[in-house]
>>> print(open('start.txt').read())   # compact mmCIF, C-alpha atoms
# COMPACT_ATOMS: atom_id res chain seq x y z
CA MET A 1 -71.84 -161.69 -186.95
CA LEU A 2 -68.19 -162.48 -186.46
CA MET A 3 -66.98 -159.49 -188.46
CA ASN A 4 -69.17 -157.13 -186.41
CA ARG A 5 -67.63 -158.50 -183.24
CA LEU A 6 -64.11 -158.25 -184.61
CA ALA A 7 -64.72 -154.66 -185.73
CA ASP A 8 -65.77 -153.92 -182.15
CA GLY A 9 -62.56 -155.36 -180.76
CA ASP A 10 -63.75 -158.84 -179.74
CA ARG A 11 -60.54 -160.79 -180.32
CA ALA A 12 -62.32 -164.12 -179.77
CA ALA A 13 -63.95 -163.65 -183.20
CA PHE A 14 -60.58 -163.53 -184.98
CA GLU A 15 -59.78 -167.23 -185.21
CA PRO A 16 -63.15 -168.52 -186.49
CA LEU A 17 -63.29 -165.68 -188.97
CA PHE A 18 -59.77 -166.37 -190.22
CA TYR A 19 -60.53 -170.04 -190.85
CA ALA A 20 -63.85 -169.17 -192.51
CA LEU A 21 -62.33 -166.61 -194.89
CA TYR A 22 -58.97 -168.18 -195.76
CA PRO A 23 -60.29 -171.09 -197.86
CA ARG A 24 -62.68 -168.73 -199.65
CA ALA A 25 -59.82 -166.42 -200.55
CA VAL A 26 -57.76 -169.33 -201.87
CA ARG A 27 -60.68 -170.69 -203.92
CA LEU A 28 -61.34 -167.36 -205.60
CA ALA A 29 -57.67 -166.60 -206.19
CA ARG A 30 -57.16 -170.00 -207.88
CA LYS A 31 -60.01 -169.24 -210.29
CA ARG A 32 -58.38 -165.98 -211.35
CA VAL A 33 -54.63 -166.45 -211.08
CA LEU A 34 -52.48 -169.19 -212.52
CA GLY A 35 -49.83 -171.10 -210.67
CA ALA A 36 -48.47 -170.86 -207.16
CA LEU A 37 -49.02 -167.10 -207.13
CA ALA A 38 -52.71 -167.73 -206.39
CA GLU A 39 -51.78 -168.72 -202.85
CA ASP A 40 -49.72 -165.52 -202.43
CA VAL A 41 -52.63 -163.45 -203.72
CA ALA A 42 -55.02 -165.11 -201.28
CA GLN A 43 -52.65 -164.50 -198.37
CA SER A 44 -52.03 -160.89 -199.31
CA ALA A 45 -55.80 -160.29 -199.65
CA LEU A 46 -56.46 -161.89 -196.29
CA LEU A 47 -53.89 -159.64 -194.60
CA LYS A 48 -55.65 -156.61 -196.10
CA VAL A 49 -59.04 -157.87 -194.95
CA PHE A 50 -57.90 -158.09 -191.35
CA ALA A 51 -56.03 -154.79 -191.51
CA ARG A 52 -59.31 -153.14 -192.57
CA SER A 53 -61.66 -155.13 -190.36
CA SER A 54 -61.90 -152.38 -187.72
CA GLU A 55 -63.31 -150.08 -190.41
CA PHE A 56 -65.96 -152.58 -191.44
CA THR A 57 -69.45 -151.04 -191.48
CA LYS A 58 -71.40 -153.11 -189.02
CA ASN A 59 -74.46 -155.09 -190.12
CA LYS A 60 -73.50 -154.92 -193.78
CA PRO A 61 -73.01 -158.27 -195.53
CA VAL A 62 -69.45 -159.43 -195.03
CA LEU A 63 -68.90 -161.62 -198.06
CA PRO A 64 -69.39 -159.00 -200.81
CA TRP A 65 -66.94 -156.73 -198.93
CA PHE A 66 -64.49 -159.58 -198.50
CA TYR A 67 -64.67 -160.79 -202.12
CA GLY A 68 -64.26 -157.19 -203.27
CA ILE A 69 -60.91 -156.96 -201.47
CA VAL A 70 -59.77 -160.31 -202.88
CA ALA A 71 -60.83 -159.26 -206.40
CA ASN A 72 -58.87 -155.99 -206.07
CA GLU A 73 -55.80 -157.93 -205.04
CA VAL A 74 -56.23 -160.21 -208.05
CA ARG A 75 -56.50 -157.19 -210.36
CA SER A 76 -53.30 -155.74 -208.87
CA VAL A 77 -51.49 -158.94 -209.74
CA TRP A 78 -52.89 -158.88 -213.28
CA ARG A 79 -51.63 -155.34 -213.77
CA ARG A 80 -48.16 -156.44 -212.73
CA GLU A 81 -48.15 -159.84 -214.41
CA ALA A 82 -50.74 -160.13 -217.17
CA ARG A 83 -49.46 -163.56 -218.13
CA LEU A 84 -50.66 -164.96 -214.79
CA ALA A 85 -54.33 -164.11 -215.35
CA ARG A 86 -56.34 -167.29 -215.73
CA PRO A 87 -57.89 -167.08 -219.21
CA ILE A 88 -61.66 -167.13 -219.50
CA ALA A 89 -62.54 -169.94 -221.91
CA GLU A 90 -65.10 -169.50 -224.68
CA GLY A 91 -68.58 -170.30 -223.54
CA ASP A 92 -67.78 -169.42 -219.96
CA ASN A 93 -70.36 -167.41 -218.13
CA GLU A 94 -69.70 -163.69 -218.52
CA ARG A 95 -70.17 -163.13 -214.83
CA SER A 96 -67.02 -162.66 -212.81
CA PRO A 97 -65.81 -165.44 -210.48
CA GLU A 98 -66.49 -163.09 -207.56
CA ASP A 99 -70.15 -162.83 -208.55
CA GLU A 100 -70.29 -166.59 -209.00
CA ALA A 101 -68.71 -167.10 -205.60
CA LEU A 102 -71.21 -164.71 -204.01
CA GLU A 103 -74.12 -166.44 -205.73
CA ALA A 104 -72.87 -169.82 -204.53
CA GLU A 105 -72.54 -168.44 -200.98
CA LEU A 106 -76.04 -167.01 -201.12
CA GLY A 107 -77.41 -170.29 -202.41
CA ARG A 108 -75.71 -172.18 -199.58
CA ALA A 109 -76.97 -169.65 -197.02
CA LEU A 110 -80.53 -169.94 -198.33
CA GLN A 111 -80.40 -173.72 -198.32
CA THR A 112 -79.00 -173.83 -194.78
CA SER A 113 -81.60 -171.30 -193.63
CA HIS A 114 -84.39 -173.24 -195.28
CA ASP A 115 -83.25 -176.42 -193.54
CA ALA A 116 -83.11 -174.58 -190.21
CA LEU A 117 -86.68 -173.31 -190.46
CA ALA A 118 -89.49 -174.89 -188.48
CA LYS A 119 -91.54 -177.45 -190.41
CA SER A 120 -94.59 -175.19 -190.65
CA ASP A 121 -92.50 -172.33 -192.06
CA ARG A 122 -90.86 -174.61 -194.64
CA GLU A 123 -94.24 -175.93 -195.74
CA ALA A 124 -95.67 -172.41 -196.06
CA ILE A 125 -92.79 -171.29 -198.29
CA GLU A 126 -92.90 -174.48 -200.38
CA ALA A 127 -96.66 -174.08 -200.84
CA MET A 128 -96.15 -170.46 -201.93
CA LEU A 129 -93.56 -171.57 -204.50
CA GLY A 130 -95.83 -174.36 -205.76
CA TYR A 131 -93.72 -177.26 -204.56
CA ARG A 132 -96.47 -178.55 -202.35
CA GLU A 133 -100.21 -178.32 -202.03
CA ARG A 134 -101.56 -175.23 -200.30
CA PRO A 135 -103.10 -175.89 -196.88
CA ALA A 136 -106.87 -175.61 -196.58
CA ILE A 137 -106.91 -172.18 -194.96
CA ASP A 138 -108.24 -168.83 -196.09
CA ASP A 139 -106.11 -166.49 -198.19
CA ALA A 140 -105.44 -163.94 -195.46
CA THR A 141 -104.19 -166.57 -193.01
CA PHE A 142 -102.03 -168.18 -195.67
CA ARG A 143 -100.49 -164.83 -196.64
CA LYS A 144 -99.73 -164.08 -192.99
CA ARG A 145 -98.14 -167.49 -192.52
CA VAL A 146 -96.00 -167.05 -195.62
CA SER A 147 -95.01 -163.52 -194.60
CA ARG A 148 -93.78 -164.69 -191.19
CA ALA A 149 -91.96 -167.66 -192.70
CA VAL A 150 -90.20 -165.43 -195.23
CA ALA A 151 -89.20 -162.98 -192.49
CA ARG A 152 -87.66 -165.82 -190.49
CA LEU A 153 -85.92 -167.18 -193.58
CA ARG A 154 -84.49 -163.72 -194.34
CA SER A 155 -83.27 -163.31 -190.79
CA LEU A 156 -81.56 -166.71 -190.83
CA ALA A 157 -80.10 -166.14 -194.28
CA VAL A 158 -78.59 -162.80 -193.23
CA GLY A 159 -76.94 -164.56 -190.32
CA PHE A 160 -75.47 -167.30 -192.49
CA TYR A 161 -74.62 -165.07 -195.47
CA GLY A 162 -73.11 -162.37 -193.29
CA ASP A 163 -70.73 -164.83 -191.67
CA MET B 1 -46.40 -168.77 -195.96
CA GLU B 2 -47.59 -171.54 -193.64
CA THR B 3 -51.10 -171.15 -192.29
CA SER B 4 -49.89 -170.60 -188.72
CA ALA B 5 -47.48 -167.89 -189.90
CA LEU B 6 -50.27 -166.29 -191.94
CA PHE B 7 -52.57 -166.40 -188.91
CA ALA B 8 -49.95 -164.64 -186.78
CA ALA B 9 -49.27 -162.07 -189.52
CA ALA B 10 -53.00 -161.36 -189.96
CA LYS B 11 -53.38 -160.94 -186.21
CA ARG B 12 -50.49 -158.49 -186.12
CA ARG B 13 -52.00 -156.50 -189.01
CA TYR B 14 -55.34 -156.37 -187.23
CA GLU B 15 -53.83 -155.19 -183.94
CA TRP B 16 -51.59 -152.61 -185.59
CA ALA B 17 -54.52 -151.24 -187.60
CA ARG B 18 -56.48 -150.91 -184.36
CA VAL B 19 -53.59 -149.04 -182.72
CA VAL B 20 -53.39 -146.57 -185.60
CA ARG B 21 -57.15 -146.11 -185.81
CA SER B 22 -57.45 -145.63 -182.04
CA ALA B 23 -54.68 -143.03 -182.01
CA MET B 24 -56.32 -141.10 -184.86
CA LEU B 25 -59.76 -141.20 -183.27
CA ALA B 26 -58.35 -140.13 -179.91
CA ALA B 27 -56.51 -137.21 -181.55
CA ILE B 28 -59.73 -136.05 -183.21
CA MET B 29 -61.74 -136.40 -180.00
CA ILE B 30 -59.21 -134.47 -177.95
CA GLY B 31 -58.90 -131.88 -180.70
CA VAL B 32 -62.63 -131.20 -180.46
CA ALA B 33 -62.41 -131.03 -176.65
CA ALA B 34 -59.47 -128.62 -176.87
CA LEU B 35 -61.45 -126.38 -179.21
CA ILE B 36 -64.38 -126.28 -176.82
CA ALA B 37 -62.07 -125.69 -173.86
CA ARG B 38 -60.43 -122.82 -175.76
CA PHE B 39 -63.73 -120.95 -175.80
CA ALA B 40 -65.24 -122.19 -172.54
CA MET B 41 -62.07 -121.89 -170.47
CA PRO B 42 -59.49 -119.68 -172.20
CA ASN B 43 -56.97 -120.19 -169.39
CA ALA B 44 -57.39 -123.96 -169.23
CA ALA B 45 -54.29 -125.92 -168.31
CA TRP B 46 -52.88 -128.09 -171.11
CA TRP B 47 -51.72 -131.09 -169.10
CA PRO B 48 -55.05 -133.04 -169.07
CA PHE B 49 -55.15 -133.18 -172.87
CA PRO B 50 -52.37 -135.67 -173.60
CA ILE B 51 -53.47 -137.81 -170.66
CA ALA B 52 -57.05 -137.84 -171.99
CA ALA B 53 -55.77 -138.63 -175.47
CA LEU B 54 -53.84 -141.64 -174.17
CA LEU B 55 -56.84 -142.83 -172.19
CA PHE B 56 -59.18 -142.62 -175.17
CA ALA B 57 -56.68 -144.29 -177.45
CA GLY B 58 -56.36 -147.12 -174.94
CA LEU B 59 -60.12 -147.54 -174.59
CA GLU B 60 -60.68 -147.41 -178.37
CA TYR B 61 -57.99 -150.04 -178.81
CA ARG B 62 -59.53 -152.22 -176.12
CA GLY B 63 -62.88 -152.04 -177.93
CA GLN B 64 -66.17 -153.63 -176.93
CA ALA B 65 -68.07 -152.35 -173.86
CA ALA B 66 -65.23 -150.15 -172.58
CA MET B 67 -64.96 -148.37 -175.93
CA LYS B 68 -68.71 -147.90 -176.26
CA GLY B 69 -68.91 -146.60 -172.69
CA ALA B 70 -66.00 -144.21 -173.25
CA ARG B 71 -67.64 -142.74 -176.36
CA ARG B 72 -70.82 -141.99 -174.47
CA GLY B 73 -68.81 -140.61 -171.56
CA TYR B 74 -66.88 -138.42 -173.98
CA ILE B 75 -70.08 -136.75 -175.23
CA ALA B 76 -71.18 -136.08 -171.66
CA GLY B 77 -67.73 -134.73 -170.87
CA LEU B 78 -67.98 -132.28 -173.76
CA VAL B 79 -71.32 -131.05 -172.43
CA LEU B 80 -69.75 -130.51 -169.02
CA LEU B 81 -66.75 -128.79 -170.56
CA ALA B 82 -68.96 -126.40 -172.52
CA ALA B 83 -71.25 -125.72 -169.56
CA PRO B 84 -70.91 -122.32 -167.89
CA ILE B 85 -69.02 -122.22 -164.59
CA ALA B 86 -72.25 -121.02 -162.98
CA LEU B 87 -73.55 -124.59 -163.30
CA LEU B 88 -70.82 -125.77 -160.94
CA ARG B 89 -70.69 -122.61 -158.90
CA PRO B 90 -74.15 -121.10 -158.74
CA CYS B 91 -72.87 -118.97 -155.89
CA CYS B 92 -71.00 -117.00 -158.55
CA ILE B 93 -74.25 -115.87 -160.18
CA GLY B 94 -74.79 -112.21 -159.59
CA MET B 95 -71.16 -111.55 -158.71
CA ASP B 96 -68.85 -109.62 -160.91
CA THR B 97 -67.13 -112.69 -162.34
CA ALA B 98 -65.48 -110.57 -165.02
CA ALA B 99 -63.54 -108.81 -162.30
CA MET B 100 -63.19 -111.72 -159.88
CA GLY B 101 -62.61 -114.43 -162.48
CA THR B 102 -63.94 -117.91 -161.80
CA ASN B 103 -62.53 -117.86 -158.26
CA CYS B 104 -65.58 -116.02 -157.04
CA CYS B 105 -66.57 -118.73 -154.58
CA THR B 106 -66.33 -122.45 -154.04
CA MET B 107 -69.05 -125.11 -153.82
CA PRO B 108 -67.75 -128.69 -153.70
CA SER B 109 -71.21 -129.98 -152.89
CA MET B 110 -72.64 -128.49 -156.07
CA CYS B 111 -69.85 -130.05 -158.09
CA ALA B 112 -70.53 -133.42 -156.52
CA GLY B 113 -74.25 -133.02 -157.21
CA VAL B 114 -73.65 -132.16 -160.85
CA GLY B 115 -71.28 -135.12 -161.08
CA VAL B 116 -73.87 -137.51 -159.67
CA ALA B 117 -76.59 -136.15 -161.96
CA ILE B 118 -74.44 -136.55 -165.05
CA GLY B 119 -73.21 -139.94 -163.89
CA LEU B 120 -76.79 -141.13 -163.38
CA ALA B 121 -77.81 -139.82 -166.79
CA LEU B 122 -74.89 -141.70 -168.31
CA SER B 123 -75.89 -144.92 -166.60
CA LEU B 124 -79.20 -144.67 -168.47
CA VAL B 125 -77.37 -144.70 -171.81
CA ARG B 126 -74.84 -147.34 -170.78
CA PRO B 127 -73.90 -149.92 -173.43
CA ARG B 128 -76.31 -152.82 -173.16
CA SER B 129 -74.04 -155.49 -174.57
CA GLY B 130 -70.85 -156.84 -173.08
CA SER B 131 -69.39 -156.56 -169.61
CA ARG B 132 -71.31 -154.07 -167.46
CA VAL B 133 -68.25 -153.42 -165.29
CA GLU B 134 -66.21 -152.58 -168.39
CA ALA B 135 -69.01 -150.41 -169.70
CA ALA B 136 -69.25 -148.47 -166.42
CA PHE B 137 -65.48 -148.15 -166.29
CA GLY B 138 -65.39 -146.84 -169.86
CA LEU B 139 -68.25 -144.42 -169.11
CA TRP B 140 -66.49 -142.99 -166.09
CA LEU B 141 -63.07 -142.74 -167.72
CA GLY B 142 -64.64 -141.16 -170.79
CA VAL B 143 -66.49 -138.43 -168.93
CA ALA B 144 -63.85 -137.94 -166.24
CA SER B 145 -60.97 -137.45 -168.67
CA ILE B 146 -62.84 -134.60 -170.41
CA ALA B 147 -64.44 -133.23 -167.24
CA SER B 148 -61.00 -133.11 -165.63
CA MET B 149 -60.23 -130.22 -167.99
CA ARG B 150 -63.06 -128.37 -166.33
CA CYS B 151 -61.57 -129.31 -162.97
CA THR B 152 -58.42 -127.32 -163.69
CA GLY B 153 -60.62 -124.25 -163.25
CA LEU B 154 -61.95 -125.49 -159.92
CA PHE B 155 -60.52 -125.82 -156.47
CA ILE B 156 -59.28 -129.22 -155.26
CA GLY B 157 -62.40 -129.94 -153.21
CA GLU B 158 -64.68 -129.12 -156.14
CA ALA B 159 -62.63 -131.18 -158.58
CA PHE B 160 -62.73 -134.12 -156.20
CA GLY B 161 -66.46 -133.63 -155.71
CA LEU B 162 -67.09 -133.63 -159.45
CA MET B 163 -65.02 -136.77 -160.09
CA ALA B 164 -66.48 -138.62 -157.11
CA GLY B 165 -70.00 -137.63 -158.12
CA LEU B 166 -69.43 -138.89 -161.64
CA LEU B 167 -68.06 -142.18 -160.32
CA ALA B 168 -71.01 -142.62 -157.97
CA GLY B 169 -73.54 -141.89 -160.68
CA VAL B 170 -71.90 -144.09 -163.30
CA SER B 171 -71.45 -146.97 -160.85
CA VAL B 172 -75.22 -147.27 -160.84
CA ALA B 173 -74.81 -148.73 -164.36
CA VAL B 174 -73.44 -151.96 -162.91
CA PRO B 175 -76.40 -153.08 -160.76
CA LEU B 176 -78.87 -151.34 -163.11
CA ASN B 177 -78.05 -153.80 -165.85
CA ARG B 178 -78.74 -156.64 -163.47
CA LEU B 179 -82.15 -155.18 -162.57
CA ALA B 180 -83.06 -154.66 -166.18
CA ARG B 181 -82.56 -158.37 -167.03
>>> encode(input="start.txt", output="structure tokens")
Amino acid sequence: MLMNRLADGDRAAFEPLFYALYPRAVRLARKRVLGALAEDVAQSALLKVFARSSEFTKNKPVLPWFYGIVANEVRSVWRREARLARPIAEGDNERSPEDEALEAELGRALQTSHDALAKSDREAIEAMLGYRERPAIDDATFRKRVSRAVARLRSLAVGFYGD
Amino acid sequence: METSALFAAAKRRYEWARVVRSAMLAAIMIGVAALIARFAMPNAAWWPFPIAALLFAGLEYRGQAAMKGARRGYIAGLVLLAAPIALLRPCCIGMDTAAMGTNCCTMPSMCAGVGVAIGLALSLVRPRSGSRVEAAFGLWLGVASIASMRCTGLFIGEAFGLMAGLLAGVSVAVPLNRLAR
């Protein structure tokens, strides 16, 4: 994971991580803060992220940690300038934009991981979920196949979600 | 702020945070070593401490294999620092060291042997990822900077023997990685 490497002092991880996190910070800030100040909030949050990156606990998911810092920065701005908080319209989901962003990230990571799986693993998972017919094999073999496929999916998803 | 300016600012924040964190960690590490030295060697000279602190701060700042090696070397150095002088001078066993102090005898060969043994043991716990040369360098600097405090209680030949033994033992980490792959 890029953040693990940066926490360890691998400076080569800085640039790809910066360009992966910056647009995410801007997207979240624009959902929560009105006007041009959203960009300032995103930049300020990003500076804090990189200032704290050496303290990052390795092998933990990066995005929840990152979105937490951005959300704290947004809340600081709200405390100073309540008029700049983007109002939540009636009927809007009660979940916070950070949670929505995380869910969207997880969805993307799962989709990418699913696409990256070998054909046999994809078919096993799809059969388990009922999207396709189960292969003509005994239960124990099918369970083993699904278990391995899920383990590979989890491992891929952690890689994509963590970055 | 333009993206390029933000990039540069974020980089500066990252590097500065590493400098501060490295300095704090090094201060803690040397503080622990000083405490051990206080009990193990009450008359220990003070001059190795700031040098060791600077070395550790530099290695922590550098990061990666050098940092990981230095941390392992540091632990080994603490063990050496806390070890009784009889380990390095078994010829002192049985003598009235309370009266004669630690200058009861001299055994450079024993110091070198202990250094090699510790260096070899360290090469077994070398960092597996990253540059093996950096890892070995970090290992040696880590253990040597703490062990040098022990050297202030030894004669020149013994101190040299200990440092050279450590270097020889730790240097095994470089080809050992190659063999393991």
>>> closest_atom_pairs(input="start.txt", of="chain A", to="chain B", cutoff="9 Å", atoms="all atoms listed in the file", output="Markdown table")
| residue | atom | partner | partner_atom | distance |
| --- | --- | --- | --- | --- |
| A:Arg5 | CA | B:Gln64 | CA | 8.1 |
| A:Ala7 | CA | B:Gly63 | CA | 8.4 |
| A:Asp8 | CA | B:Gln64 | CA | 5.2 |
| A:Gly9 | CA | B:Gly63 | CA | 4.4 |
| A:Asp10 | CA | B:Gln64 | CA | 6.4 |
| A:Phe14 | CA | B:Lys11 | CA | 7.7 |
| A:Glu15 | CA | B:Phe7 | CA | 8.1 |
| A:Phe18 | CA | B:Phe7 | CA | 7.3 |
| A:Tyr19 | CA | B:Phe7 | CA | 9.0 |
| A:Glu39 | CA | B:Met1 | CA | 8.7 |
| A:Asp40 | CA | B:Met1 | CA | 8.0 |
| A:Gln43 | CA | B:Leu6 | CA | 7.1 |
| A:Leu46 | CA | B:Ala10 | CA | 7.2 |
| A:Leu47 | CA | B:Ala10 | CA | 5.0 |
| A:Lys48 | CA | B:Arg13 | CA | 8.0 |
| A:Val49 | CA | B:Ala10 | CA | 8.6 |
| A:Phe50 | CA | B:Tyr14 | CA | 5.1 |
| A:Ala51 | CA | B:Tyr14 | CA | 4.6 |
| A:Arg52 | CA | B:Ala17 | CA | 7.2 |
| A:Ser53 | CA | B:Tyr14 | CA | 7.2 |
| A:Ser54 | CA | B:Arg18 | CA | 6.5 |
| A:Glu55 | CA | B:Arg21 | CA | 8.7 |
>>> write_last_selection(input="start.txt", atoms="C-alpha atoms", output="PDB file, in the frame of the given file")
ATOM      1  CA  ARG A   5     -67.630-158.500-183.240  1.00  0.00           C
ATOM      2  CA  ALA A   7     -64.720-154.660-185.730  1.00  0.00           C
ATOM      3  CA  ASP A   8     -65.770-153.920-182.150  1.00  0.00           C
ATOM      4  CA  GLY A   9     -62.560-155.360-180.760  1.00  0.00           C
ATOM      5  CA  ASP A  10     -63.750-158.840-179.740  1.00  0.00           C
ATOM      6  CA  PHE A  14     -60.580-163.530-184.980  1.00  0.00           C
ATOM      7  CA  GLU A  15     -59.780-167.230-185.210  1.00  0.00           C
ATOM      8  CA  PHE A  18     -59.770-166.370-190.220  1.00  0.00           C
ATOM      9  CA  TYR A  19     -60.530-170.040-190.850  1.00  0.00           C
ATOM     10  CA  GLU A  39     -51.780-168.720-202.850  1.00  0.00           C
ATOM     11  CA  ASP A  40     -49.720-165.520-202.430  1.00  0.00           C
ATOM     12  CA  GLN A  43     -52.650-164.500-198.370  1.00  0.00           C
ATOM     13  CA  LEU A  46     -56.460-161.890-196.290  1.00  0.00           C
ATOM     14  CA  LEU A  47     -53.890-159.640-194.600  1.00  0.00           C
ATOM     15  CA  LYS A  48     -55.650-156.610-196.100  1.00  0.00           C
ATOM     16  CA  VAL A  49     -59.040-157.870-194.950  1.00  0.00           C
ATOM     17  CA  PHE A  50     -57.900-158.090-191.350  1.00  0.00           C
ATOM     18  CA  ALA A  51     -56.030-154.790-191.510  1.00  0.00           C
ATOM     19  CA  ARG A  52     -59.310-153.140-192.570  1.00  0.00           C
ATOM     20  CA  SER A  53     -61.660-155.130-190.360  1.00  0.00           C
ATOM     21  CA  SER A  54     -61.900-152.380-187.720  1.00  0.00           C
ATOM     22  CA  GLU A  55     -63.310-150.080-190.410  1.00  0.00           C
TER      23      GLU A  55
END
>>> residues_around(input="start.txt", residues="Gly115 of chain B", least_positions_apart="2", cutoff="9 Å", atoms="all atoms listed in the file", output="list in words")
Met110, Cys111, Ala112, Gly113, Ala117, Ile118, Gly119, Leu120, Gly161, Leu162, Met163, Ala164, Gly165, Leu166, Leu167, Ala168 and Gly169 of chain B
>>> atom_distance(input="start.txt", atom1="atom CA of Arg150 of chain B", atom2="atom CA of Leu81 of chain B")
5.6 Å
>>> closest_residue(input="start.txt", among="B:Ile75, B:Ala83, B:Ile30, B:Leu35", to="Pro48 of chain B", atoms="all atoms listed in the file")
B:Ile30
>>> atom_distance(input="start.txt", atom1="atom CA of Val32 of chain B", atom2="atom CA of Lys58 of chain A")
25.1 Å
>>> closest_residue(input="start.txt", among="A:Lys144, A:Arg11, A:Arg108, A:Arg30", to="Leu156 of chain A", atoms="all atoms listed in the file")
A:Arg108
